[in-house]
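Below is one structure, written out as structure tokens, with a few remarks after it.
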Amino acid sequence: MHTNLNIVALDAVAVRTSVELATHAKPADLARPTPCVGWTLHGLLAHMATQHYGFAAASRGESDLALWKLRPLGDDPVGAYRASAEHVLAAFAGDGVLTRDFPLPEFTAAQIFPARQAIGFHFIDYVVHSWDVARTLDLPLSFTQDVLDAALPIAQAVPTGAYREAPGAAFAPEVPWTGGTTLDRILALLGRDPAWTAPHA
């Protein structure tokens with residue numbers, strides 16, 4: 001990776017960026033559509049929070065698929081999202097975490113993943129989800145170039161093919177895109193249209 005930050009620090013940047021963006025959401029914003037087809041902002045935050053708890057469990061070696069079941073956000077969705085983010089950041093900051101293997105049963109039960117690879121999956125997800133939240137709320141998003149340079153090869157390594165068209169796929173098929181920023185390239189590789197904007201009533 002072309003960066004002085006390790007994967008845990010990179011992931012923390014992406015997650016904290018998503019939290020900062022989410023704190024701008026007002027109750028009425030939770031019904032807004034997002035770049036994730038079929039998801040409102042509330043649905044996206046619920047998914048993101050659930051993934052945080054799932055990855056935190058994986059960092060402890062827990063392989064129960066039930067831990068990845070969608071969690072309700074309760075009466076304070078943004079607060080619940082913030083709590084989930086702090087939970088996974090604390091888990092990833094634990095002693096020895098980078099020496100562990102992570103079971104990721106939501107992805108596959110056939111293998112476990114080295115910590116750096118698993119946290120890399122989480123990192124790229126929250127680079128993209130930060131953009132999702134920013135675009136939903138019409139907010140600017142700025143990652144430093146070293147973060148984007150670390151994210152790009154992870155995005156390039158995500159498999160393509162028919163699985164991306166399956167229900168519940170982590171990423172949609174790649175979007176044709178030329179030019180633009182490193183973030184635009186990452187988004188297009190992972191099935192986001194960098195030109196997407198929130199529809200206005």
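By convention here, the chains of the structure tokens are called A, B, ... in the order presented, each chain's residues are numbered starting at 1, and ligands are numbered starting at 1 in the order presented.
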
Non-local contacts of Phe121 (chain A) (8 Å; only C-alpha atoms; under 4 positions in same chain excluded) as a list of chain:residue names: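 Residues meeting the cut-off are A:Gln117, A:Asp125, A:Ile154.
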
Give me the residues near His52 (chain A) as a PDB file with C-alpha atoms, in the first residue's frame, where near means some atom within 10 Å (using only C-alpha atoms) and where sequence neighbours in that chain fewer than 3 positions away do not count.
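Heads up, here's the output in result_30.pdb:
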ATOM      1  CA  VAL A  15     -15.391   4.611   9.691  1.00  0.00           C
ATOM      2  CA  ALA A  46     -28.908  -0.263   9.766  1.00  0.00           C
ATOM      3  CA  HIS A  47     -26.848  -2.281   7.292  1.00  0.00           C
ATOM      4  CA  MET A  48     -23.675  -0.405   8.174  1.00  0.00           C
ATOM      5  CA  ALA A  49     -24.235  -0.839  11.912  1.00  0.00           C
ATOM      6  CA  PHE A  55     -16.825  -7.657  11.786  1.00  0.00           C
ATOM      7  CA  ALA A  56     -16.186  -6.987  15.478  1.00  0.00           C
ATOM      8  CA  ALA A  57     -17.435 -10.490  16.269  1.00  0.00           C
ATOM      9  CA  ALA A  58     -15.209 -11.895  13.522  1.00  0.00           C
ATOM     10  CA  TRP A  68     -24.774 -10.703  11.080  1.00  0.00           C
ATOM     11  CA  TYR A  81     -24.862   3.936  14.269  1.00  0.00           C
ATOM     12  CA  ALA A  83     -22.222   3.252  18.936  1.00  0.00           C
ATOM     13  CA  SER A  84     -21.751   0.458  16.394  1.00  0.00           C
ATOM     14  CA  ALA A  85     -18.817   2.292  14.858  1.00  0.00           C
ATOM     15  CA  GLU A  86     -17.118   2.779  18.217  1.00  0.00           C
ATOM     16  CA  HIS A  87     -17.674  -0.918  18.925  1.00  0.00           C
ATOM     17  CA  VAL A  88     -15.861  -2.105  15.801  1.00  0.00           C
ATOM     18  CA  LEU A  89     -13.081   0.456  16.133  1.00  0.00           C
ATOM     19  CA  ALA A  91     -12.426  -4.360  18.485  1.00  0.00           C
ATOM     20  CA  HIS A 122     -14.266  -3.460   5.984  1.00  0.00           C
ATOM     21  CA  TYR A 126     -16.685   2.294   4.539  1.00  0.00           C
TER      22      TYR A 126
END

Residue nearest Arg71 (chain A) among A:Asp193, A:Ala22, A:Val128, A:Leu45 (counting only C-alpha atoms):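 Comparing A:Asp193, A:Ala22, A:Val128, A:Leu45 against Arg71 (chain A), the winner is A:Leu45.
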
Which of chain A DSSP labels strand (DSSP E), written as a PyMOL selection string: chain A and resi 101-103+112-114

Residue among A:Phe171, A:Trp196, A:Phe113, A:Phe92 lying closest to Pro35 (chain A), counting only C-alpha atoms: A:Trp196
